[in-house]
$ cat coords_38.cif   # mmCIF, C-alpha atoms
data_structure
loop_
_atom_site.label_atom_id
_atom_site.label_comp_id
_atom_site.auth_asym_id
_atom_site.auth_seq_id
_atom_site.Cartn_x
_atom_site.Cartn_y
_atom_site.Cartn_z
CA MET A 12 0.00 0.00 0.00
CA SER A 13 1.40 3.41 -0.96
CA ASP A 14 1.83 6.34 1.43
CA GLN A 15 -1.01 8.10 -0.39
CA GLU A 16 -3.32 5.12 0.13
CA GLU A 17 -2.37 4.99 3.81
CA GLN A 18 -3.39 8.62 4.22
CA VAL A 19 -6.76 7.95 2.58
CA THR A 20 -7.52 5.15 5.07
CA ASN A 21 -6.36 7.15 8.10
CA PRO A 22 -9.29 8.08 10.36
CA HIS A 23 -8.07 11.68 10.19
CA THR A 24 -8.51 11.67 6.41
CA PRO A 25 -6.73 14.64 4.80
CA VAL A 26 -8.48 16.51 2.02
CA THR A 27 -6.47 17.80 -0.91
CA ASN A 28 -6.49 21.50 -1.81
CA LEU A 29 -6.10 22.35 -5.48
CA PRO A 30 -3.64 25.22 -6.08
CA GLU A 31 -4.92 28.40 -7.68
CA GLU A 32 -3.36 30.31 -10.53
CA ALA A 33 -0.61 32.74 -9.52
CA GLY A 34 -1.59 36.36 -9.14
CA GLU A 35 -4.48 38.15 -7.49
CA VAL A 36 -7.30 36.02 -6.14
CA VAL A 37 -10.54 37.20 -7.70
CA VAL A 38 -13.67 35.81 -6.06
CA GLU A 39 -17.29 36.49 -5.52
CA GLU A 40 -17.61 37.12 -1.82
CA GLU A 41 -18.74 33.97 -0.11
CA VAL A 42 -19.27 33.51 3.59
CA SER A 43 -20.35 30.69 5.84
CA GLN A 44 -23.52 30.59 7.85
CA PRO A 45 -23.60 33.41 10.43
CA PRO A 46 -21.52 33.15 13.58
CA SER A 47 -23.26 32.34 16.85
CA GLU A 48 -22.74 33.91 20.27
CA GLY A 49 -23.80 30.71 22.05
CA GLU A 50 -26.48 30.23 24.67
CA ASP A 51 -25.70 33.40 26.62
CA SER A 52 -25.96 36.07 23.92
CA GLU A 53 -26.87 39.11 25.99
CA THR A 54 -23.31 40.44 26.20
CA VAL A 55 -22.29 41.73 22.77
CA GLN A 56 -18.91 43.34 22.15
CA GLU A 57 -19.09 46.61 20.23
CA GLU A 58 -17.25 47.21 16.99
CA TYR A 59 -14.91 50.18 16.68
CA GLU A 60 -13.09 50.49 13.35
CA GLY A 61 -13.07 46.72 13.08
CA LYS A 62 -11.45 46.16 16.49
CA GLU A 63 -12.84 44.51 19.60
CA ALA A 64 -13.99 46.34 22.70
CA VAL A 65 -12.13 44.40 25.37
CA PRO A 66 -14.09 43.40 28.46
CA GLY A 67 -14.03 45.20 31.76
CA THR A 68 -13.61 43.57 35.13
CA GLU A 69 -17.19 42.47 35.80
CA LEU A 70 -17.61 38.69 35.58
CA ALA A 71 -20.40 37.30 33.44
CA GLU A 72 -23.18 35.74 35.48
CA ALA A 73 -23.56 32.55 33.48
CA MET A 74 -21.01 29.78 33.95
CA LEU A 75 -21.72 28.02 30.70
CA MET A 76 -20.13 24.62 31.24
CA GLN A 77 -19.26 22.93 34.53
CA PRO A 78 -16.06 24.61 35.78
CA VAL A 79 -13.17 22.21 36.35
CA ALA A 80 -9.58 22.64 37.44
CA ALA A 81 -7.10 23.68 34.76
CA PRO A 82 -4.14 21.41 34.02
CA ASN A 83 -0.68 22.72 34.91
CA THR A 84 0.79 23.88 31.59
CA ALA A 85 3.53 26.13 32.99
CA GLY A 86 6.77 25.59 31.13
CA LEU A 87 5.25 23.73 28.17
CA ARG A 88 6.46 24.75 24.72
CA ASP A 89 4.69 25.95 21.61
CA ILE A 90 3.50 23.11 19.34
CA ALA A 91 5.33 24.73 16.41
CA GLU A 92 8.63 23.69 17.98
CA ALA A 93 7.75 20.03 17.39
CA SER A 94 7.76 20.61 13.61
CA PHE A 95 10.04 23.61 13.24
CA GLY A 96 12.53 23.47 16.10
CA PRO A 97 13.00 25.92 18.97
CA THR A 98 12.66 29.03 16.80
CA PRO A 99 9.21 28.74 15.18
CA GLY A 100 8.70 30.80 12.08
CA LEU A 101 8.29 30.98 8.34
CA ARG A 102 10.05 28.49 6.12
CA ASN A 103 10.77 29.03 2.47
CA PRO A 104 7.87 27.56 0.43
CA ALA A 105 10.39 26.59 -2.26
CA GLU A 106 11.88 24.15 0.24
CA ALA A 107 8.50 22.81 1.31
CA SER A 108 8.98 19.21 0.23
CA SER A 109 12.65 18.58 0.99
CA GLY A 110 15.66 19.76 2.92
CA PRO A 111 15.97 21.32 6.37
CA LEU A 112 13.49 23.90 7.53
CA THR A 113 14.49 27.53 6.99
CA LEU A 114 13.21 29.59 9.88
CA GLU A 115 12.89 33.16 11.01
CA PRO A 116 11.88 33.97 14.59
CA GLU A 117 8.28 34.69 15.45
CA VAL A 118 8.37 38.24 16.71
CA VAL A 119 6.51 40.98 18.48
CA ILE A 120 6.41 43.93 16.08
CA GLY A 121 7.96 46.83 18.00
CA THR A 122 6.27 47.27 21.38
CA ASP A 123 4.17 44.35 22.59
CA ASP A 124 0.67 45.84 22.30
CA ARG A 125 -1.28 42.72 23.15
CA ILE A 126 -4.06 43.12 25.72
CA ARG A 127 -4.89 40.43 28.22
CA ILE A 128 -8.51 39.30 28.04
CA THR A 129 -10.06 38.73 31.45
CA PRO A 130 -12.68 37.61 32.13
CA THR A 131 -13.20 35.27 29.19
CA THR A 132 -16.75 34.27 30.07
CA SER A 133 -18.45 36.34 27.35
CA TYR A 134 -18.50 35.92 23.57
CA PRO A 135 -16.27 36.19 21.52
CA TRP A 136 -13.49 35.36 23.98
CA ARG A 137 -14.98 32.03 25.07
CA ALA A 138 -15.03 30.85 21.43
CA HIS A 139 -11.20 30.81 21.49
CA ALA A 140 -9.66 27.75 23.14
CA SER A 141 -6.35 26.94 24.76
CA LEU A 142 -5.03 23.62 23.44
CA LEU A 143 -2.99 21.09 25.42
CA ILE A 144 -1.58 18.84 22.70
CA THR A 145 -0.13 15.38 23.36
CA ALA A 146 2.22 14.07 20.67
CA ARG A 147 2.62 10.43 19.69
CA ASP A 148 5.51 10.01 22.14
CA GLY A 149 3.59 11.56 25.04
CA ALA A 150 5.32 14.97 24.93
CA GLN A 151 2.94 17.88 25.49
CA PHE A 152 2.73 21.24 23.75
CA LEU A 153 0.51 24.34 23.60
CA GLY A 154 -1.59 25.85 20.81
CA THR A 155 -4.82 27.72 20.07
CA GLY A 156 -8.07 26.90 18.27
CA THR A 157 -11.34 28.70 17.50
CA PHE A 158 -14.86 27.31 17.13
CA ILE A 159 -16.45 27.63 13.66
CA GLY A 160 -19.48 25.47 14.45
CA PRO A 161 -21.12 23.42 17.19
CA HIS A 162 -18.41 20.72 17.16
CA THR A 163 -15.53 22.05 15.02
CA LEU A 164 -12.52 24.26 15.73
CA THR A 165 -10.03 25.61 13.22
CA THR A 166 -6.33 25.43 14.05
CA ALA A 167 -2.97 25.17 12.32
CA GLY A 168 -2.10 21.96 10.51
CA HIS A 169 1.03 21.65 12.65
CA CYS A 170 -1.20 21.56 15.75
CA VAL A 171 -2.76 18.27 14.64
CA PHE A 172 0.03 16.70 12.54
CA ILE A 173 3.66 17.07 13.63
CA HIS A 174 6.28 17.05 10.86
CA ALA A 175 9.39 15.59 12.44
CA PRO A 176 10.45 12.70 10.15
CA GLY A 177 12.67 10.12 11.80
CA THR A 178 11.44 10.95 15.30
CA SER A 179 8.84 9.39 17.57
CA GLN A 180 6.71 12.56 17.37
CA HIS A 181 6.18 12.50 13.60
CA GLY A 182 2.54 12.06 12.59
CA TRP A 183 -0.92 12.75 13.94
CA VAL A 184 -0.97 13.85 17.56
CA GLN A 185 -2.50 11.49 20.11
CA SER A 186 -5.03 13.86 21.63
CA ILE A 187 -5.86 17.50 22.29
CA VAL A 188 -7.44 18.84 25.46
CA VAL A 189 -9.61 21.80 24.40
CA MET A 190 -10.24 24.51 27.02
CA PRO A 191 -12.65 27.17 25.69
CA GLY A 192 -12.07 30.62 27.14
CA ARG A 193 -9.32 29.48 29.51
CA ASP A 194 -8.27 32.19 31.97
CA ASP A 195 -5.48 32.53 34.52
CA GLY A 196 -3.74 29.16 34.49
CA THR A 197 -4.46 27.03 37.55
CA LEU A 198 -5.52 29.93 39.79
CA LEU A 199 -9.08 29.89 38.45
CA PRO A 200 -11.16 26.91 37.31
CA LEU A 201 -11.75 26.56 33.58
CA PRO A 202 -14.86 28.73 33.16
CA HIS A 203 -16.29 26.62 30.32
CA GLY A 204 -14.87 23.24 31.23
CA ARG A 205 -12.70 21.14 28.93
CA PHE A 206 -12.93 18.13 26.67
CA THR A 207 -10.50 15.82 24.88
CA SER A 208 -10.56 15.22 21.14
CA THR A 209 -8.85 12.47 19.15
CA ASN A 210 -10.51 13.38 15.86
CA PHE A 211 -8.57 15.74 13.57
CA ARG A 212 -8.44 17.05 10.01
CA SER A 213 -5.78 18.54 7.75
CA VAL A 214 -4.86 18.42 4.06
CA VAL A 215 -2.44 16.53 1.83
CA GLY A 216 -0.48 19.73 1.19
CA TRP A 217 0.57 19.77 4.84
CA VAL A 218 0.40 16.10 5.88
CA ASN A 219 2.19 14.67 2.83
CA ASN A 220 4.23 17.62 1.57
CA ARG A 221 4.84 19.78 4.69
CA ASP A 222 4.05 22.83 2.59
CA PRO A 223 3.42 25.90 4.79
CA ASN A 224 0.96 27.24 2.23
CA TYR A 225 -1.41 24.45 3.31
CA ASP A 226 -0.77 24.58 7.05
CA TYR A 227 -4.29 24.43 8.41
CA GLY A 228 -6.52 21.87 10.08
CA ALA A 229 -9.45 21.24 12.36
CA ILE A 230 -10.35 19.62 15.67
CA ILE A 231 -13.65 17.75 15.92
CA ALA A 232 -15.26 17.93 19.37
CA PRO A 233 -17.04 14.86 20.79
CA PHE A 234 -20.15 16.94 21.57
CA ASP A 235 -21.66 20.28 20.52
CA ALA A 236 -19.67 22.53 22.87
CA GLY A 237 -19.98 25.37 20.34
CA ASN A 238 -23.69 25.64 21.07
CA THR A 239 -22.68 26.90 24.50
CA VAL A 240 -19.61 29.05 23.82
CA GLY A 241 -20.52 30.21 20.30
CA TRP A 242 -18.53 30.21 17.09
CA PHE A 243 -17.16 32.38 14.30
CA GLY A 244 -18.10 32.45 10.64
CA PHE A 245 -15.53 32.34 7.84
CA GLY A 246 -15.39 33.60 4.29
CA VAL A 247 -13.52 34.23 1.05
CA TRP A 248 -12.68 37.78 0.04
CA SER A 249 -10.69 39.46 -2.73
CA ASP A 250 -7.22 40.95 -2.27
CA SER A 251 -8.56 44.50 -2.28
CA GLU A 252 -11.22 43.71 0.30
CA LEU A 253 -8.71 42.09 2.65
CA LEU A 254 -6.21 44.93 2.29
CA ALA A 255 -8.88 47.33 3.57
CA THR A 256 -9.66 45.08 6.54
CA THR A 257 -8.68 45.28 10.21
CA ALA A 258 -7.50 41.83 11.30
CA ASN A 259 -7.99 40.61 14.89
CA ILE A 260 -6.21 37.77 16.73
CA SER A 261 -6.82 36.44 20.24
CA GLY A 262 -4.98 33.40 21.53
CA TYR A 263 -2.78 31.74 24.12
CA PRO A 264 0.91 32.70 23.93
CA ALA A 265 3.09 30.24 25.86
CA GLU A 266 5.46 32.85 27.31
CA LYS A 267 2.77 35.03 28.91
CA GLN A 268 2.23 34.71 32.64
CA PRO A 269 0.20 33.37 34.30
CA SER A 270 0.19 30.34 32.03
CA GLY A 271 -3.08 29.84 30.18
CA THR A 272 -4.11 33.48 29.75
CA GLN A 273 -5.68 34.87 26.59
CA TRP A 274 -4.17 37.86 24.74
CA TYR A 275 -5.62 40.02 21.95
CA HIS A 276 -4.25 42.42 19.33
CA SER A 277 -5.42 43.93 16.02
CA ARG A 278 -4.02 45.85 13.07
CA GLN A 279 -4.87 46.38 9.42
CA VAL A 280 -3.89 43.64 6.99
CA ALA A 281 -0.44 44.49 5.59
CA SER A 282 -0.38 42.34 2.44
CA VAL A 283 -1.79 39.19 0.87
CA ASP A 284 -0.84 36.60 -1.69
CA THR A 285 -2.63 33.57 -3.10
CA ARG A 286 -2.12 31.50 0.06
CA LYS A 287 -1.27 33.87 2.92
CA VAL A 288 -2.51 36.92 4.79
CA TYR A 289 0.25 39.06 6.37
CA TYR A 290 -0.11 41.44 9.30
CA GLN A 291 1.85 43.38 11.92
CA ILE A 292 -0.21 41.89 14.76
CA ASP A 293 1.88 40.80 17.74
CA THR A 294 1.92 37.02 18.21
CA THR A 295 4.30 34.57 19.84
CA GLY A 296 4.61 30.82 20.28
CA GLY A 297 1.43 29.17 21.52
CA GLN A 298 -0.81 31.28 19.30
CA SER A 299 -0.42 28.86 16.38
CA GLY A 300 -3.94 28.06 15.17
CA SER A 301 -5.56 31.32 16.33
CA ALA A 302 -8.32 32.68 14.13
CA VAL A 303 -7.42 35.75 12.09
CA TYR A 304 -10.81 37.42 11.82
CA ARG A 305 -12.71 40.51 10.77
CA PHE A 306 -16.04 42.14 11.46
CA TYR A 307 -18.32 41.74 8.44
CA THR A 308 -21.92 42.43 7.56
CA PRO A 309 -23.24 40.13 4.80
CA PRO A 310 -25.69 41.71 2.35
CA GLY A 311 -29.05 41.76 4.09
CA GLY A 312 -27.56 40.17 7.21
CA THR A 313 -26.23 41.23 10.59
CA SER A 314 -22.61 41.95 11.46
CA GLY A 315 -20.46 39.30 13.04
CA ARG A 316 -16.95 37.88 13.31
CA TYR A 317 -15.64 35.96 10.30
CA GLU A 318 -12.29 34.22 9.91
CA ILE A 319 -10.14 35.35 6.99
CA ALA A 320 -7.10 33.19 7.82
CA ILE A 321 -5.64 30.80 10.40
CA HIS A 322 -2.53 32.07 12.16
CA ALA A 323 0.45 29.79 11.58
CA TYR A 324 3.77 31.65 11.21
CA GLY A 325 5.90 34.56 12.34
CA ALA A 326 8.71 36.38 10.58
CA LEU A 327 10.85 39.47 11.00
CA THR A 328 8.85 41.09 8.19
CA GLY A 329 5.51 40.30 9.83
CA ASN A 330 3.32 37.45 11.00
CA SER A 331 1.04 35.46 8.72
CA GLY A 332 -1.87 33.07 8.51
CA THR A 333 -3.08 30.52 5.98
CA ARG A 334 -5.58 32.41 3.85
CA ILE A 335 -9.14 31.14 3.51
CA VAL A 336 -9.42 30.78 -0.25
CA GLN A 337 -12.10 28.71 -1.97
CA PRO A 338 -10.58 25.22 -1.42
CA VAL A 339 -9.92 26.05 2.25
CA TYR A 340 -13.48 27.36 2.59
CA ASP A 341 -14.88 24.19 1.04
CA ASN A 342 -12.92 22.01 3.47
CA LEU A 343 -14.07 24.05 6.48
CA VAL A 344 -17.70 23.72 5.37
CA ALA A 345 -17.27 19.93 5.14
CA TRP A 346 -15.43 19.68 8.45
CA LYS A 347 -18.10 21.56 10.39
CA ALA A 348 -21.01 19.62 8.87
#

$ encode --input "coords_38.cif" --output "structure tokens"
Amino acid sequence: MSDQEEQVTNPHTPVTNLPEEAGEVVVEEEVSQPPSEGEDSETVQEEYEGKEAVPGTELAEAMLMQPVAAPNTAGLRDIAEASFGPTPGLRNPAEASSGPLTLEPEVVIGTDDRIRITPTTSYPWRAHASLLITARDGAQFLGTGTFIGPHTLTTAGHCVFIHAPGTSQHGWVQSIVVMPGRDDGTLLPLPHGRFTSTNFRSVVGWVNNRDPNYDYGAIIAPFDAGNTVGWFGFGVWSDSELLATTANISGYPAEKQPSGTQWYHSRQVASVDTRKVYYQIDTTGGQSGSAVYRFYTPPGGTSGRYEIAIHAYGALTGNSGTRIVQPVYDNLVAWKA
């Protein structure tokens, strides 16, 4: 049986993306079903020039899932290190299928302008999840995911499939503990509980070819946790539309203290190409898999938060996410069904 056939029979069946023509992506705007704020939808964050209004200090009244103790994740490393080594960053796409990884450090752009989100009990913050990832050899790492439906979270491909050929970590991870809206490490209970998933998705471009242009995936929850915490929409937009957009990222950087705290930042999209969205938003290790999202009002609809990319890499010239183009969109629709 060939390697390709083995991938087809894997329970985490990868789906192939077809490459687009080089040059500007021209699309008719297409978006998913509207995002949901979950069961407690009274608290709505206001939009200001496409950025979030961060919460104050008043705790939300509803504890949406049974609170449980948080695991001790202090000192754990970013999942990107498992595939890319101790300096996670952007590798040269021309070297995607062979040779050693070429890395640049993931950086904070100038001053670290990230804002800590606390409490995380209201939407949209509870739709972002801290990930405790267990590799095949039992080693544990950190990452971030975001709900896009009742039982599906988007994340980076390297959060679900580690590329470390010749090592015991290479391959699909064993399991991921998903902690929606985690806040304050072990000092506070997990406000929305936690669950463990062993059901993942990615694509042939990442799983077979380790191509960073296809570094995206999904986590399938064992029950409809998204009905409680809410979820984001996602869509496909043209180059010009994205370049006029404010991008937002909230996730779980490993170096921030206390461990397990959520941090947010936003800036306008800096540039795009056929597979990536680039931005000067501050991110560091542990935020791999964070949603890159915008506020959007569909024709005749109501405004909401829609993913435009999935954060995956950092570089001295700016951080970047895997762009949601049509084949990515189609896979996300199938994965959240």

$ closest_atom_pairs --input "coords_38.cif" --of "stretch 273-310 of chain A" --to "stretch 90-95 of chain A" --cutoff "12 Å" --atoms "only C-alpha atoms" --output "JSON lines"
{"residue": "A:Thr295", "atom": "CA", "partner": "A:Ala91", "partner_atom": "CA", "distance": 10.5}
{"residue": "A:Gly296", "atom": "CA", "partner": "A:Ala91", "partner_atom": "CA", "distance": 7.3}
{"residue": "A:Gly297", "atom": "CA", "partner": "A:Ile90", "partner_atom": "CA", "distance": 6.8}
{"residue": "A:Gln298", "atom": "CA", "partner": "A:Ile90", "partner_atom": "CA", "distance": 9.2}
{"residue": "A:Ser299", "atom": "CA", "partner": "A:Ala91", "partner_atom": "CA", "distance": 7.1}
{"residue": "A:Gly300", "atom": "CA", "partner": "A:Ile90", "partner_atom": "CA", "distance": 9.9}

$ resolve_selection --input "coords_38.cif" --expression "the PyMOL selection byres ((chain A and resi 195) around 12)" --output "ChimeraX atom specification"
/A:80-85,127-131,141,190,192-194,196-202,263,267-274

$ atom_distance --input "coords_38.cif" --atom1 "atom CA of A:Gln185" --atom2 "atom CA of A:Arg286"
28.3 Å

$ resolve_selection --input "coords_38.cif" --expression "the PyMOL selection byres ((chain A and resi 245-260) around 8)" --output "MDAnalysis selection string"
chainID A and resid 35:43 60:63 159 243:244 261:262 275:284 290 292 301:305 316:319 335:337 340

$ atom_distance --input "coords_38.cif" --atom1 "atom CA of A:Gln291" --atom2 "atom CA of A:Gly121"
9.3 Å

$ atom_distance --input "coords_38.cif" --atom1 "atom CA of A:Val214" --atom2 "atom CA of A:Tyr227"
7.4 Å

$ closest_residue --input "coords_38.cif" --among "A:Val119, A:Ile187, A:Leu153, A:Ile230" --to "A:Thr328" --atoms "only C-alpha atoms"
A:Val119

$ closest_residue --input "coords_38.cif" --among "A:Ile231, A:Ser179, A:Gln151, A:Pro45" --to "A:Ala348" --atoms "all atoms listed in the file"
A:Ile231

$ residues_near_point --input "coords_38.cif" --point "(3.9, 37.0, 15.0)" --cutoff "7 Å" --atoms "all atoms listed in the file" --output "PDB file with C-alpha atoms, in the coordinates of the input"
ATOM      1  CA  GLU A 117       8.280  34.690  15.450  1.00  0.00           C
ATOM      2  CA  VAL A 118       8.370  38.240  16.710  1.00  0.00           C
ATOM      3  CA  VAL A 119       6.510  40.980  18.480  1.00  0.00           C
ATOM      4  CA  ILE A 292      -0.210  41.890  14.760  1.00  0.00           C
ATOM      5  CA  ASP A 293       1.880  40.800  17.740  1.00  0.00           C
ATOM      6  CA  THR A 294       1.920  37.020  18.210  1.00  0.00           C
ATOM      7  CA  THR A 295       4.300  34.570  19.840  1.00  0.00           C
ATOM      8  CA  TYR A 324       3.770  31.650  11.210  1.00  0.00           C
ATOM      9  CA  GLY A 325       5.900  34.560  12.340  1.00  0.00           C
ATOM     10  CA  ALA A 326       8.710  36.380  10.580  1.00  0.00           C
ATOM     11  CA  GLY A 329       5.510  40.300   9.830  1.00  0.00           C
ATOM     12  CA  ASN A 330       3.320  37.450  11.000  1.00  0.00           C
TER      13      ASN A 330
END

$ closest_residue --input "coords_38.cif" --among "A:Arg334, A:His203, A:His174, A:Arg88" --to "A:Arg221" --atoms "only C-alpha atoms"
A:His174

$ residues_around --input "coords_38.cif" --residues "A:Ala229" --least-positions-apart "6" --cutoff "10 Å" --atoms "all atoms listed in the file" --output "MDAnalysis selection string"
chainID A and resid 23 156:159 163:168 170:171 210:214 300 342:343 346:347

$ closest_residue --input "coords_38.cif" --among "A:Val288, A:Val188, A:Ala175, A:Val240" --to "A:Val218" --atoms "only C-alpha atoms"
A:Ala175

$ resolve_selection --input "coords_38.cif" --expression "the PyMOL selection byres ((chain A and resi 233) around 9)" --output "ChimeraX atom specification"
/A:162,206-210,231-232,234-236

$ residues_around --input "coords_38.cif" --residues "A:Val184" --least-positions-apart "3" --cutoff "7 Å" --atoms "all atoms listed in the file" --output "PyMOL selection string"
chain A and resi 145-147+171-173

$ decode --input "coords_38.cif" --residues "stretch 251-266 of chain A" --atoms "C-alpha atoms" --output "CSV table (one decimal), in the first residue's frame"
chain,number,residue,atom,x,y,z
A,251,SER,CA,-8.6,44.5,-2.3
A,252,GLU,CA,-11.2,43.7,0.3
A,253,LEU,CA,-8.7,42.1,2.7
A,254,LEU,CA,-6.2,44.9,2.3
A,255,ALA,CA,-8.9,47.3,3.6
A,256,THR,CA,-9.7,45.1,6.5
A,257,THR,CA,-8.7,45.3,10.2
A,258,ALA,CA,-7.5,41.8,11.3
A,259,ASN,CA,-8.0,40.6,14.9
A,260,ILE,CA,-6.2,37.8,16.7
A,261,SER,CA,-6.8,36.4,20.2
A,262,GLY,CA,-5.0,33.4,21.5
A,263,TYR,CA,-2.8,31.7,24.1
A,264,PRO,CA,0.9,32.7,23.9
A,265,ALA,CA,3.1,30.2,25.9
A,266,GLU,CA,5.5,32.8,27.3
